[in-house]
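Text of the file upload00.cif, holding mmCIF, C-alpha atoms:
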```cif
data_start
loop_
_atom_site.label_atom_id
_atom_site.label_comp_id
_atom_site.auth_asym_id
_atom_site.auth_seq_id
_atom_site.Cartn_x
_atom_site.Cartn_y
_atom_site.Cartn_z
CA MET A 1 0.00 0.00 0.00
CA SER A 2 1.40 3.48 -0.90
CA THR A 3 2.16 5.94 1.96
CA ARG A 4 -0.57 8.25 0.64
CA ILE A 5 -3.28 5.57 0.64
CA PHE A 6 -2.08 4.33 4.04
CA LYS A 7 -2.42 7.84 5.53
CA ILE A 8 -5.91 8.32 4.09
CA LYS A 9 -6.97 4.90 5.42
CA LYS A 10 -5.51 5.73 8.86
CA ASN A 11 -7.39 9.06 8.97
CA ILE A 12 -10.66 7.33 8.04
CA LEU A 13 -10.13 4.75 10.79
CA ASN A 14 -9.24 7.44 13.37
CA ALA A 15 -12.39 9.42 12.54
CA ASN A 16 -14.46 6.23 12.77
CA ASP A 17 -12.95 5.29 16.16
CA SER A 18 -13.67 8.72 17.56
CA LEU A 19 -17.34 8.65 16.47
CA ALA A 20 -17.67 5.05 17.70
CA GLN A 21 -16.40 6.04 21.15
CA ASN A 22 -18.98 8.87 21.29
CA LEU A 23 -21.73 6.44 20.32
CA ARG A 24 -20.58 3.93 22.97
CA ASN A 25 -20.62 6.64 25.64
CA LEU A 26 -24.13 7.63 24.55
CA PHE A 27 -25.37 4.02 24.61
CA SER A 28 -23.80 3.46 28.05
CA ARG A 29 -25.40 6.62 29.48
CA LYS A 30 -28.79 5.42 28.25
CA ASN A 31 -28.11 1.92 29.63
CA ILE A 32 -28.39 0.28 26.19
CA ARG A 33 -26.19 -2.77 25.63
CA VAL A 34 -24.83 -2.92 22.08
CA ILE A 35 -23.55 -6.10 20.43
CA ASN A 36 -21.84 -6.32 17.02
CA PHE A 37 -22.15 -9.72 15.26
CA VAL A 38 -19.49 -10.49 12.63
CA SER A 39 -18.75 -13.58 10.53
CA SER A 40 -18.22 -14.82 6.99
CA PRO A 41 -21.31 -14.95 4.75
CA GLY A 42 -23.55 -17.88 5.56
CA SER A 43 -22.37 -18.59 9.12
CA GLY A 44 -25.90 -18.12 10.42
CA LYS A 45 -25.85 -14.57 11.85
CA THR A 46 -29.41 -13.72 10.80
CA GLU A 47 -30.90 -16.92 12.17
CA LEU A 48 -29.01 -16.55 15.47
CA VAL A 49 -29.90 -12.85 15.90
CA THR A 50 -33.57 -13.63 15.13
CA VAL A 51 -33.68 -16.36 17.80
CA LEU A 52 -31.85 -14.13 20.30
CA ALA A 53 -34.23 -11.21 19.68
CA THR A 54 -37.31 -13.44 19.96
CA THR A 55 -36.07 -14.86 23.29
CA LEU A 56 -35.09 -11.46 24.71
CA ILE A 57 -38.47 -9.93 23.74
CA LYS A 58 -40.25 -12.85 25.49
CA LYS A 59 -38.22 -11.96 28.61
CA GLY A 60 -39.69 -8.46 28.43
CA LEU A 61 -36.73 -6.57 26.94
CA HIS A 62 -37.04 -3.91 24.24
CA VAL A 63 -34.79 -4.99 21.35
CA CYS A 64 -33.55 -2.98 18.37
CA ILE A 65 -31.64 -4.44 15.44
CA ILE A 66 -29.46 -2.83 12.77
CA VAL A 67 -28.52 -5.10 9.86
CA GLY A 68 -26.04 -4.35 7.08
CA ASP A 69 -25.95 -5.85 3.62
CA LEU A 70 -24.49 -4.96 0.23
CA ALA A 71 -27.88 -5.41 -1.42
CA THR A 72 -31.46 -6.52 -0.61
CA ASP A 73 -33.47 -6.16 2.59
CA ASN A 74 -34.01 -9.94 2.92
CA ASP A 75 -32.37 -10.10 6.34
CA ALA A 76 -34.40 -7.22 7.77
CA VAL A 77 -37.60 -8.96 6.64
CA ARG A 78 -36.49 -12.14 8.46
CA LEU A 79 -35.31 -10.25 11.57
CA ARG A 80 -38.56 -8.25 11.92
CA ARG A 81 -40.44 -11.53 12.45
CA SER A 82 -38.85 -11.59 15.92
CA GLY A 83 -40.85 -8.47 16.80
CA ALA A 84 -37.72 -6.31 17.14
CA ASP A 85 -37.58 -2.74 15.86
CA THR A 86 -35.29 -3.30 12.84
CA CYS A 87 -33.41 -1.03 10.43
CA GLN A 88 -31.65 -2.25 7.26
CA ILE A 89 -28.48 -0.48 6.12
CA ASN A 90 -27.83 -1.05 2.45
CA THR A 91 -24.07 -0.47 1.97
CA HIS A 92 -24.36 -0.42 -1.88
CA GLY A 93 -21.31 -2.61 -2.35
CA ASN A 94 -19.31 -1.47 0.68
CA CYS A 95 -17.86 -4.42 2.56
CA HIS A 96 -18.48 -3.38 6.20
CA LEU A 97 -20.58 -1.18 8.45
CA ASP A 98 -19.01 1.89 10.04
CA ALA A 99 -19.93 4.16 12.94
CA THR A 100 -21.43 6.83 10.63
CA MET A 101 -23.86 4.28 9.17
CA VAL A 102 -24.88 3.18 12.68
CA LYS A 103 -25.42 6.80 13.77
CA LYS A 104 -27.58 7.53 10.69
CA SER A 105 -29.65 4.38 11.09
CA LEU A 106 -30.59 5.29 14.69
CA LYS A 107 -32.97 7.90 13.21
CA ALA A 108 -35.13 5.07 11.84
CA LEU A 109 -35.36 3.32 15.23
CA ASP A 110 -37.07 3.99 18.55
CA TRP A 111 -33.63 3.27 19.99
CA THR A 112 -33.76 5.37 23.18
CA ARG A 113 -36.32 2.88 24.58
CA ALA A 114 -34.08 -0.12 23.82
CA ASP A 115 -32.49 -2.35 26.43
CA ILE A 116 -30.31 -4.00 23.82
CA LEU A 117 -29.21 -3.12 20.29
CA LEU A 118 -28.05 -6.03 18.13
CA ILE A 119 -25.99 -5.09 15.06
CA GLU A 120 -25.60 -7.69 12.30
CA ASN A 121 -22.57 -6.66 10.25
CA VAL A 122 -21.92 -7.43 6.55
CA GLY A 123 -20.78 -11.05 6.07
CA ASN A 124 -17.00 -10.65 5.78
CA LEU A 125 -14.14 -11.84 8.00
CA VAL A 126 -11.72 -9.09 6.91
CA CYS A 127 -12.83 -5.44 6.79
CA PRO A 128 -15.44 -5.36 9.62
CA ALA A 129 -12.59 -6.24 12.03
CA SER A 130 -11.13 -2.72 11.63
CA TYR A 131 -14.36 -0.75 12.19
CA ASP A 132 -15.53 -0.07 15.74
CA LEU A 133 -19.31 0.57 15.66
CA GLY A 134 -19.62 1.80 19.24
CA GLU A 135 -20.47 -1.69 20.50
CA HIS A 136 -19.87 -2.94 24.04
CA MET A 137 -19.20 -6.44 22.85
CA ARG A 138 -18.19 -8.08 19.58
CA VAL A 139 -19.30 -11.62 18.74
CA VAL A 140 -17.66 -13.57 15.92
CA LEU A 141 -19.51 -16.58 14.53
CA MET A 142 -17.69 -19.54 13.02
CA SER A 143 -19.94 -22.27 11.66
CA VAL A 144 -18.79 -25.87 12.03
CA THR A 145 -19.00 -26.31 8.25
CA GLU A 146 -16.27 -23.71 7.54
CA GLY A 147 -13.31 -25.78 8.72
CA GLU A 148 -11.23 -25.37 11.86
CA ASP A 149 -8.54 -23.02 10.52
CA LYS A 150 -10.41 -19.72 10.20
CA PRO A 151 -8.95 -18.11 13.39
CA SER A 152 -5.37 -18.61 12.10
CA LYS A 153 -6.25 -17.23 8.68
CA TYR A 154 -8.34 -14.26 9.84
CA PRO A 155 -6.65 -13.43 13.18
CA THR A 156 -7.76 -9.78 13.56
CA ILE A 157 -11.48 -10.50 13.67
CA PHE A 158 -10.99 -13.29 16.21
CA ASN A 159 -8.65 -11.40 18.53
CA SER A 160 -10.87 -8.29 18.45
CA SER A 161 -13.95 -10.30 19.53
CA ASP A 162 -15.13 -11.05 23.07
CA ILE A 163 -17.15 -14.14 22.24
CA CYS A 164 -16.72 -16.78 19.54
CA VAL A 165 -19.92 -18.63 18.69
CA LEU A 166 -19.46 -22.06 17.12
CA SER A 167 -22.66 -22.00 15.10
CA LYS A 168 -24.63 -24.77 13.32
CA ILE A 169 -23.34 -27.22 15.93
CA ASP A 170 -26.12 -29.64 14.84
CA LEU A 171 -24.11 -30.15 11.60
CA ALA A 172 -20.84 -31.01 13.43
CA ALA A 173 -20.96 -34.76 12.78
CA ALA A 174 -22.03 -34.42 9.11
CA ALA A 175 -19.22 -31.90 8.51
CA CYS A 176 -16.62 -34.05 10.39
CA PHE A 177 -15.94 -30.99 12.57
CA ASP A 178 -12.88 -31.38 14.82
CA GLU A 179 -13.99 -29.34 17.83
CA LYS A 180 -10.79 -29.84 19.84
CA ARG A 181 -8.66 -28.53 16.97
CA ALA A 182 -11.01 -25.59 16.35
CA VAL A 183 -10.95 -24.55 20.02
CA GLN A 184 -7.15 -24.81 20.08
CA ASN A 185 -6.91 -22.60 16.97
CA ILE A 186 -9.27 -20.02 18.51
CA LYS A 187 -7.37 -19.97 21.82
CA ASN A 188 -4.01 -19.67 20.01
CA ILE A 189 -5.21 -16.40 18.46
CA SER A 190 -7.36 -15.14 21.33
CA PRO A 191 -6.60 -16.86 24.66
CA ASP A 192 -9.29 -15.05 26.69
CA ILE A 193 -12.19 -15.29 24.25
CA LYS A 194 -15.34 -17.03 25.49
CA ILE A 195 -16.49 -19.89 23.25
CA ILE A 196 -20.17 -20.80 23.07
CA LYS A 197 -21.65 -23.58 20.91
CA THR A 198 -25.05 -22.88 19.37
CA SER A 199 -27.62 -24.24 16.99
CA ALA A 200 -30.20 -21.56 16.23
CA LYS A 201 -32.26 -24.23 14.45
CA LYS A 202 -32.42 -26.51 17.52
CA GLY A 203 -32.28 -23.76 20.18
CA THR A 204 -28.98 -25.10 21.57
CA GLY A 205 -26.79 -22.70 23.57
CA ILE A 206 -29.11 -19.67 23.22
CA ASN A 207 -29.54 -19.16 26.97
CA ASN A 208 -25.77 -19.48 27.54
CA LEU A 209 -25.19 -16.84 24.90
CA ILE A 210 -27.83 -14.50 26.33
CA HIS A 211 -26.25 -14.84 29.76
CA ALA A 212 -22.86 -13.89 28.34
CA LEU A 213 -24.26 -10.98 26.32
CA VAL A 214 -26.58 -9.44 28.88
CA HIS A 215 -25.23 -10.32 32.29
CA GLU A 216 -21.47 -10.51 32.00
CA ARG A 217 -19.52 -7.28 32.20
CA LYS A 218 -17.51 -6.13 29.24
CA THR A 219 -13.87 -5.46 30.17
CA VAL A 220 -12.19 -4.11 27.04
CA PHE A 221 -13.93 -0.77 26.39
CA MET B 1 -17.67 7.72 0.03
CA SER B 2 -16.12 11.18 -0.55
CA THR B 3 -15.33 12.28 -4.14
CA ARG B 4 -11.59 12.26 -3.33
CA ILE B 5 -11.62 8.67 -2.01
CA PHE B 6 -13.86 7.58 -4.91
CA LYS B 7 -11.36 9.02 -7.46
CA ILE B 8 -8.39 7.34 -5.77
CA LYS B 9 -10.24 4.02 -5.68
CA LYS B 10 -11.20 4.40 -9.37
CA ASN B 11 -7.58 5.10 -10.33
CA ILE B 12 -6.38 2.03 -8.41
CA LEU B 13 -8.98 -0.13 -10.17
CA ASN B 14 -8.11 1.30 -13.61
CA ALA B 15 -4.38 0.59 -13.05
CA ASN B 16 -5.23 -2.94 -11.87
CA ASP B 17 -7.45 -3.61 -14.92
CA SER B 18 -4.74 -2.47 -17.30
CA LEU B 19 -2.08 -4.72 -15.71
CA ALA B 20 -4.56 -7.61 -15.57
CA GLN B 21 -5.27 -7.28 -19.31
CA ASN B 22 -1.53 -7.37 -20.04
CA LEU B 23 -1.17 -10.50 -17.89
CA ARG B 24 -4.12 -12.15 -19.65
CA ASN B 25 -2.60 -11.40 -23.07
CA LEU B 26 0.70 -12.88 -21.88
CA PHE B 27 -0.97 -16.03 -20.52
CA SER B 28 -2.97 -16.44 -23.73
CA ARG B 29 0.14 -16.10 -25.94
CA LYS B 30 1.84 -18.83 -23.88
CA ASN B 31 -1.30 -20.97 -24.04
CA ILE B 32 -1.75 -21.03 -20.27
CA ARG B 33 -5.33 -21.19 -19.01
CA VAL B 34 -5.86 -19.11 -15.88
CA ILE B 35 -8.73 -19.62 -13.43
CA ASN B 36 -9.58 -17.39 -10.44
CA PHE B 37 -11.49 -19.13 -7.60
CA VAL B 38 -13.48 -16.85 -5.29
CA SER B 39 -15.85 -17.54 -2.39
CA SER B 40 -16.56 -16.74 1.25
CA PRO B 41 -14.18 -18.23 3.83
CA GLY B 42 -14.78 -21.92 4.42
CA SER B 43 -16.64 -22.73 1.18
CA GLY B 44 -14.05 -25.37 0.32
CA LYS B 45 -11.81 -23.61 -2.24
CA THR B 46 -8.57 -25.22 -1.03
CA GLU B 47 -9.99 -28.74 -0.99
CA LEU B 48 -11.55 -28.30 -4.44
CA VAL B 49 -8.40 -26.77 -5.99
CA THR B 50 -6.27 -29.58 -4.48
CA VAL B 51 -8.52 -32.26 -6.00
CA LEU B 52 -8.60 -30.42 -9.35
CA ALA B 53 -4.80 -30.08 -9.44
CA THR B 54 -4.27 -33.74 -8.48
CA THR B 55 -6.64 -34.87 -11.25
CA LEU B 56 -5.14 -32.54 -13.88
CA ILE B 57 -1.58 -33.64 -13.03
CA LYS B 58 -2.65 -37.31 -13.38
CA LYS B 59 -3.90 -36.39 -16.87
CA GLY B 60 -0.37 -35.19 -17.69
CA LEU B 61 -0.89 -31.42 -17.40
CA HIS B 62 1.61 -29.06 -15.75
CA VAL B 63 -0.29 -27.17 -13.02
CA CYS B 64 0.72 -24.03 -11.13
CA ILE B 65 -1.21 -22.60 -8.17
CA ILE B 66 -1.19 -19.14 -6.58
CA VAL B 67 -2.99 -18.91 -3.23
CA GLY B 68 -3.76 -15.75 -1.27
CA ASP B 69 -4.38 -15.46 2.45
CA LEU B 70 -4.26 -12.71 5.06
CA ALA B 71 -2.00 -14.83 7.26
CA THR B 72 -0.41 -18.32 7.43
CA ASP B 73 0.78 -20.57 4.61
CA ASN B 74 -1.55 -23.43 5.69
CA ASP B 75 -3.31 -23.54 2.33
CA ALA B 76 -0.08 -23.65 0.28
CA VAL B 77 1.08 -26.61 2.40
CA ARG B 78 -2.19 -28.44 1.63
CA LEU B 79 -2.15 -27.49 -2.06
CA ARG B 80 1.46 -28.64 -2.60
CA ARG B 81 0.37 -32.18 -1.71
CA SER B 82 -1.30 -32.29 -5.14
CA GLY B 83 2.17 -32.06 -6.72
CA ALA B 84 1.46 -28.63 -8.23
CA ASP B 85 4.06 -25.86 -8.30
CA THR B 86 2.52 -23.57 -5.64
CA CYS B 87 3.16 -20.00 -4.44
CA GLN B 88 1.56 -18.45 -1.34
CA ILE B 89 0.79 -14.74 -1.36
CA ASN B 90 0.46 -13.39 2.16
CA THR B 91 -1.64 -10.23 1.86
CA HIS B 92 -0.85 -9.08 5.45
CA GLY B 93 -4.44 -8.13 6.19
CA ASN B 94 -5.46 -7.05 2.69
CA CYS B 95 -8.82 -8.50 1.74
CA HIS B 96 -8.23 -9.52 -1.89
CA LEU B 97 -5.55 -10.39 -4.44
CA ASP B 98 -4.72 -7.91 -7.19
CA ALA B 99 -2.92 -8.14 -10.53
CA THR B 100 0.35 -6.75 -9.07
CA MET B 101 0.46 -9.55 -6.49
CA VAL B 102 -0.14 -12.14 -9.22
CA LYS B 103 2.62 -10.65 -11.39
CA LYS B 104 5.11 -10.67 -8.48
CA SER B 105 4.28 -14.23 -7.46
CA LEU B 106 5.03 -15.53 -10.98
CA LYS B 107 8.73 -15.10 -10.14
CA ALA B 108 8.44 -17.90 -7.58
CA LEU B 109 6.86 -20.30 -10.10
CA ASP B 110 8.03 -22.22 -13.17
CA TRP B 111 4.92 -20.75 -14.77
CA THR B 112 6.02 -20.60 -18.42
CA ARG B 113 5.83 -24.43 -18.49
CA ALA B 114 2.29 -24.47 -17.07
CA ASP B 115 -0.79 -25.62 -18.97
CA ILE B 116 -3.06 -24.25 -16.30
CA LEU B 117 -2.68 -21.70 -13.49
CA LEU B 118 -5.22 -21.97 -10.66
CA ILE B 119 -5.54 -18.89 -8.42
CA GLU B 120 -7.21 -19.30 -5.04
CA ASN B 121 -8.29 -15.83 -3.92
CA VAL B 122 -8.73 -14.58 -0.34
CA GLY B 123 -11.99 -15.87 1.20
CA ASN B 124 -14.29 -12.86 0.75
CA LEU B 125 -17.45 -12.35 -1.32
CA VAL B 126 -17.04 -8.57 -1.61
CA CYS B 127 -13.69 -7.02 -2.57
CA PRO B 128 -12.24 -9.78 -4.84
CA ALA B 129 -15.19 -9.12 -7.20
CA SER B 130 -13.67 -5.79 -8.25
CA TYR B 131 -10.12 -7.01 -8.97
CA ASP B 132 -9.36 -8.62 -12.32
CA LEU B 133 -6.28 -10.86 -11.91
CA GLY B 134 -5.73 -11.54 -15.61
CA GLU B 135 -7.80 -14.73 -15.46
CA HIS B 136 -9.61 -16.30 -18.41
CA MET B 137 -12.37 -17.61 -16.19
CA ARG B 138 -13.74 -16.79 -12.74
CA VAL B 139 -15.33 -19.50 -10.60
CA VAL B 140 -17.42 -18.60 -7.55
CA LEU B 141 -18.03 -21.31 -4.97
CA MET B 142 -21.16 -21.36 -2.81
CA SER B 143 -21.31 -24.16 -0.29
CA VAL B 144 -24.69 -25.75 0.43
CA THR B 145 -24.29 -24.87 4.13
CA GLU B 146 -24.26 -21.09 3.48
CA GLY B 147 -27.95 -20.71 2.66
CA GLU B 148 -29.57 -20.05 -0.70
CA ASP B 149 -29.58 -16.23 -0.64
CA LYS B 150 -25.91 -15.39 -1.21
CA PRO B 151 -26.27 -14.43 -4.93
CA SER B 152 -28.91 -11.79 -4.10
CA LYS B 153 -26.82 -10.38 -1.26
CA TYR B 154 -23.45 -10.39 -3.05
CA PRO B 155 -24.53 -9.84 -6.67
CA THR B 156 -21.26 -8.47 -8.12
CA ILE B 157 -19.20 -11.57 -7.41
CA PHE B 158 -21.89 -13.82 -8.89
CA ASN B 159 -22.52 -11.79 -12.04
CA SER B 160 -18.80 -11.40 -12.72
CA SER B 161 -18.23 -15.18 -12.57
CA ASP B 162 -18.45 -17.69 -15.42
CA ILE B 163 -19.11 -20.75 -13.29
CA CYS B 164 -20.87 -21.18 -9.96
CA VAL B 165 -19.82 -24.29 -8.07
CA LEU B 166 -22.32 -25.57 -5.51
CA SER B 167 -19.75 -27.10 -3.19
CA LYS B 168 -20.04 -29.60 -0.29
CA ILE B 169 -23.06 -31.11 -2.06
CA ASP B 170 -22.66 -34.19 0.18
CA LEU B 171 -23.94 -32.00 3.08
CA ALA B 172 -27.09 -30.86 1.19
CA ALA B 173 -29.55 -33.06 3.10
CA ALA B 174 -28.01 -32.34 6.55
CA ALA B 175 -28.10 -28.59 5.82
CA CYS B 176 -31.69 -28.74 4.44
CA PHE B 177 -30.34 -27.09 1.26
CA ASP B 178 -33.09 -25.95 -1.14
CA GLU B 179 -31.33 -26.48 -4.48
CA LYS B 180 -34.22 -25.22 -6.61
CA ARG B 181 -34.34 -21.92 -4.71
CA ALA B 182 -30.54 -21.56 -4.80
CA VAL B 183 -30.42 -22.12 -8.58
CA GLN B 184 -33.24 -19.62 -9.08
CA ASN B 185 -31.37 -17.01 -7.00
CA ILE B 186 -28.16 -17.60 -8.97
CA LYS B 187 -29.96 -17.35 -12.33
CA ASN B 188 -31.81 -14.18 -11.26
CA ILE B 189 -28.43 -12.46 -10.77
CA SER B 190 -26.50 -14.17 -13.56
CA PRO B 191 -28.72 -15.84 -16.16
CA ASP B 192 -25.88 -17.29 -18.27
CA ILE B 193 -23.67 -18.66 -15.50
CA LYS B 194 -22.90 -22.39 -15.59
CA ILE B 195 -23.78 -24.20 -12.36
CA ILE B 196 -21.83 -27.32 -11.35
CA LYS B 197 -22.43 -29.36 -8.19
CA THR B 198 -19.34 -30.77 -6.50
CA SER B 199 -18.16 -32.63 -3.43
CA ALA B 200 -14.36 -32.53 -3.27
CA LYS B 201 -14.54 -35.02 -0.40
CA LYS B 202 -16.49 -37.60 -2.45
CA GLY B 203 -15.05 -36.70 -5.88
CA THR B 204 -18.50 -35.69 -7.20
CA GLY B 205 -18.62 -33.32 -10.19
CA ILE B 206 -14.84 -32.96 -10.57
CA ASN B 207 -14.75 -34.21 -14.16
CA ASN B 208 -17.67 -31.96 -15.12
CA LEU B 209 -15.82 -28.99 -13.66
CA ILE B 210 -12.55 -29.88 -15.41
CA HIS B 211 -14.41 -30.15 -18.71
CA ALA B 212 -15.88 -26.68 -18.21
CA LEU B 213 -12.56 -25.17 -17.13
CA VAL B 214 -10.26 -26.69 -19.70
CA HIS B 215 -12.32 -27.44 -22.76
CA GLU B 216 -15.03 -24.80 -22.94
CA ARG B 217 -14.14 -21.49 -24.52
CA LYS B 218 -14.24 -18.34 -22.46
CA THR B 219 -16.49 -15.71 -24.04
CA VAL B 220 -16.17 -12.58 -21.87
CA PHE B 221 -12.50 -11.59 -22.14
#
```

If you took the structure in this file and wrote it as structure tokens, what would it be?
Amino acid sequence: MSTRIFKIKKNILNANDSLAQNLRNLFSRKNIRVINFVSSPGSGKTELVTVLATTLIKKGLHVCIIVGDLATDNDAVRLRRSGADTCQINTHGNCHLDATMVKKSLKALDWTRADILLIENVGNLVCPASYDLGEHMRVVLMSVTEGEDKPSKYPTIFNSSDICVLSKIDLAAAACFDEKRAVQNIKNISPDIKIIKTSAKKGTGINNLIHALVHERKTVF
Amino acid sequence: MSTRIFKIKKNILNANDSLAQNLRNLFSRKNIRVINFVSSPGSGKTELVTVLATTLIKKGLHVCIIVGDLATDNDAVRLRRSGADTCQINTHGNCHLDATMVKKSLKALDWTRADILLIENVGNLVCPASYDLGEHMRVVLMSVTEGEDKPSKYPTIFNSSDICVLSKIDLAAAACFDEKRAVQNIKNISPDIKIIKTSAKKGTGINNLIHALVHERKTVF
């Protein structure tokens, strides 16, 4: 990368970090817990966030969702079925959400009433790692069908996350998933990350995940 | 995106396209067929390219492979087992290969002897779509575990590809894969794309894919 492009990229990231910190302060003051879900395309973010939102709403919480995609509002249509107040960000080809997009999308939500704001990022293991969205917690999904080596190959997104969800655990046997090796690879990159196994389809691990998201204190920010 | 950033990005893409066209002309003059494999992380590119290379080498062809990753040389180690002359490009966090990286990596390969050069791109459905690498054919993989909606959500990578491989077809039943809906979604975005079902693990569809890669004429470039 040329020095000029590097400087421009660094300035963009600095501006994003500053806005993200302001958003996080605002969310904290209003007692709204914000979670950013990242993963490769097809790891099951939408299904997991839908099940989480449905469960949280049943528990009496007010849930908002922001979902980012390059094109279509398919995910927002699915997510709204949970009953959550949902806003779709169409990135028009951009490969990640940023703090400005999150700030703008708040206008479409009744967010000040929310107890929890779930953000489903664009499916991509690279660029979303560099963009703080003002979240209190970042959750990276890795489905058991993707192979066990993703943490070594995409280290930044794993070591910037607080929780790693091993999703689609119901497919582990069919996919010959080597859980021991996967956990070792995750821990090699991010020794303190919490690992939670889920199947959104079967309802496995959802309560464990909710406990970690809602009740455990975030230490990094 | 600001006008300044947009112009810089456009200039980078124009420079890449020009170099890529030069590379493609060079490969064509030397009668080397070049294929660029793209997909999200964990769709099975490495396993498929390994099986393809092994089969092509058994048929007496000289095969070279270039593989891109953000970190590690795990994939190159796996790919070399096929017997192919293999070069790993470590992108150090960059989310796609570009024509300059391909040109540089040729120095590490005995590429002028090759009949076929297989390029395994970084696992990412967004940014690799915009970077021509000088290939004659682009193949996008979509594994049956990723859901059927990826073509609608990542249209550029699907409508810039010549072949769509439905990979891990052996997991279709376990993943409740709706093939009819997936094919419809692919055709909606890219009506003329060729769709080939494969399982690298079981050897399914490999000969069909080789026929399409080696024997069918490329029409776009």

Exercise. Name the residues captured by the PyMOL selection byres ((chain B and resi 186) around 9) when it is applied to the shown file; answer as number ranges by chain.
Key: B: 148-152, 155, 158-159, 164, 181-185, 187-191, 193, 195

Self-check item: Non-local contacts of Val126 (chain B) (10 Å; all atoms listed in the file; under 3 positions in same chain excluded) as a ChimeraX atom specification
Solution: /A:41,70,93-96,122-124,127 /B:38-40,95-96,123,129-130,153-157

Keeping only C-alpha atoms, take the residues you just selected and write them out as a short mmCIF file (atom, residue, chain, number, x, y, z; two decimals), keeping the file's coordinate frame.
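After the write, selection.cif holds the following:
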```
data_model
loop_
_atom_site.label_atom_id
_atom_site.label_comp_id
_atom_site.auth_asym_id
_atom_site.auth_seq_id
_atom_site.Cartn_x
_atom_site.Cartn_y
_atom_site.Cartn_z
CA PRO A 41 -21.31 -14.95 4.75
CA LEU A 70 -24.49 -4.96 0.23
CA GLY A 93 -21.31 -2.61 -2.35
CA ASN A 94 -19.31 -1.47 0.68
CA CYS A 95 -17.86 -4.42 2.56
CA HIS A 96 -18.48 -3.38 6.20
CA VAL A 122 -21.92 -7.43 6.55
CA GLY A 123 -20.78 -11.05 6.07
CA ASN A 124 -17.00 -10.65 5.78
CA CYS A 127 -12.83 -5.44 6.79
CA VAL B 38 -13.48 -16.85 -5.29
CA SER B 39 -15.85 -17.54 -2.39
CA SER B 40 -16.56 -16.74 1.25
CA CYS B 95 -8.82 -8.50 1.74
CA HIS B 96 -8.23 -9.52 -1.89
CA GLY B 123 -11.99 -15.87 1.20
CA ALA B 129 -15.19 -9.12 -7.20
CA SER B 130 -13.67 -5.79 -8.25
CA LYS B 153 -26.82 -10.38 -1.26
CA TYR B 154 -23.45 -10.39 -3.05
CA PRO B 155 -24.53 -9.84 -6.67
CA THR B 156 -21.26 -8.47 -8.12
CA ILE B 157 -19.20 -11.57 -7.41
#
```

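Taking CA of Leu133 (chain A) and CA of Asn11 (chain A) as endpoints, the distance between them is 16.1 Å.
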
Quiz prompt | Residues matched by the PyMOL selection byres ((chain A and resi 170) around 9) as a PyMOL selection string | solution = (chain A and resi 144+167-169+171-174+198-199+201-202+204) or (chain B and resi 174)

Same residues, C-alpha atoms, output as a PDB file, in the coordinates of the input:
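Below you can see part-v6.pdb, which holds the result:
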```
ATOM      1  CA  VAL A 144     -18.790 -25.870  12.030  1.00  0.00           C
ATOM      2  CA  SER A 167     -22.660 -22.000  15.100  1.00  0.00           C
ATOM      3  CA  LYS A 168     -24.630 -24.770  13.320  1.00  0.00           C
ATOM      4  CA  ILE A 169     -23.340 -27.220  15.930  1.00  0.00           C
ATOM      5  CA  LEU A 171     -24.110 -30.150  11.600  1.00  0.00           C
ATOM      6  CA  ALA A 172     -20.840 -31.010  13.430  1.00  0.00           C
ATOM      7  CA  ALA A 173     -20.960 -34.760  12.780  1.00  0.00           C
ATOM      8  CA  ALA A 174     -22.030 -34.420   9.110  1.00  0.00           C
ATOM      9  CA  THR A 198     -25.050 -22.880  19.370  1.00  0.00           C
ATOM     10  CA  SER A 199     -27.620 -24.240  16.990  1.00  0.00           C
ATOM     11  CA  LYS A 201     -32.260 -24.230  14.450  1.00  0.00           C
ATOM     12  CA  LYS A 202     -32.420 -26.510  17.520  1.00  0.00           C
ATOM     13  CA  THR A 204     -28.980 -25.100  21.570  1.00  0.00           C
TER      14      THR A 204
ATOM     15  CA  ALA B 174     -28.010 -32.340   6.550  1.00  0.00           C
TER      16      ALA B 174
END
```

Self-check item: Pick from A:Leu209, A:Ala175, A:Ile116, A:Ala99 nearest to Leu23 (chain A), counting all atoms listed in the file
Solution: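 Between A:Leu209, A:Ala175, A:Ile116, A:Ala99, the residue approaching Leu23 (chain A) most closely is A:Ala99.
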
Quiz item: Do you know which residues the PyMOL selection byres ((chain B and resi 208) around 12) returns on this file, as a PyMOL selection string?
Solution: chain B and resi 52+163+165+194-199+203-207+209-216

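Rounded to one decimal, CA of Phe177 (chain A) and CA of Glu146 (chain A) lie 8.9 Å from each other.
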
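One distance worth recording is that between CA of Lys104 (chain A) and CA of Thr54 (chain A), which is 24.9 Å.
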
Practice problem: Tell me, as a list of chain:residue names, which residues lie within 8 Å of Ser105 (chain B), counting all atoms listed in the file; anything in the same chain fewer than 6 positions away does not count. | Solution: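 Residues meeting the cut-off are B:Ile66, B:Cys87, B:Gln88, B:Ile89.
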
Dump as a PDB file, in the coordinates of the input, selection limited to C-alpha atoms:
```pdb
ATOM      1  CA  ILE B  66      -1.190 -19.140  -6.580  1.00  0.00           C
ATOM      2  CA  CYS B  87       3.160 -20.000  -4.440  1.00  0.00           C
ATOM      3  CA  GLN B  88       1.560 -18.450  -1.340  1.00  0.00           C
ATOM      4  CA  ILE B  89       0.790 -14.740  -1.360  1.00  0.00           C
TER       5      ILE B  89
END
```

Quiz item: With all atoms listed in the file as the basis for distance, which of A:Val77, A:Val102, A:Ile8, A:Leu117 is at the shortest distance from chain B?
Solution: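 Comparing A:Val77, A:Val102, A:Ile8, A:Leu117 against chain B, the winner is A:Ile8.
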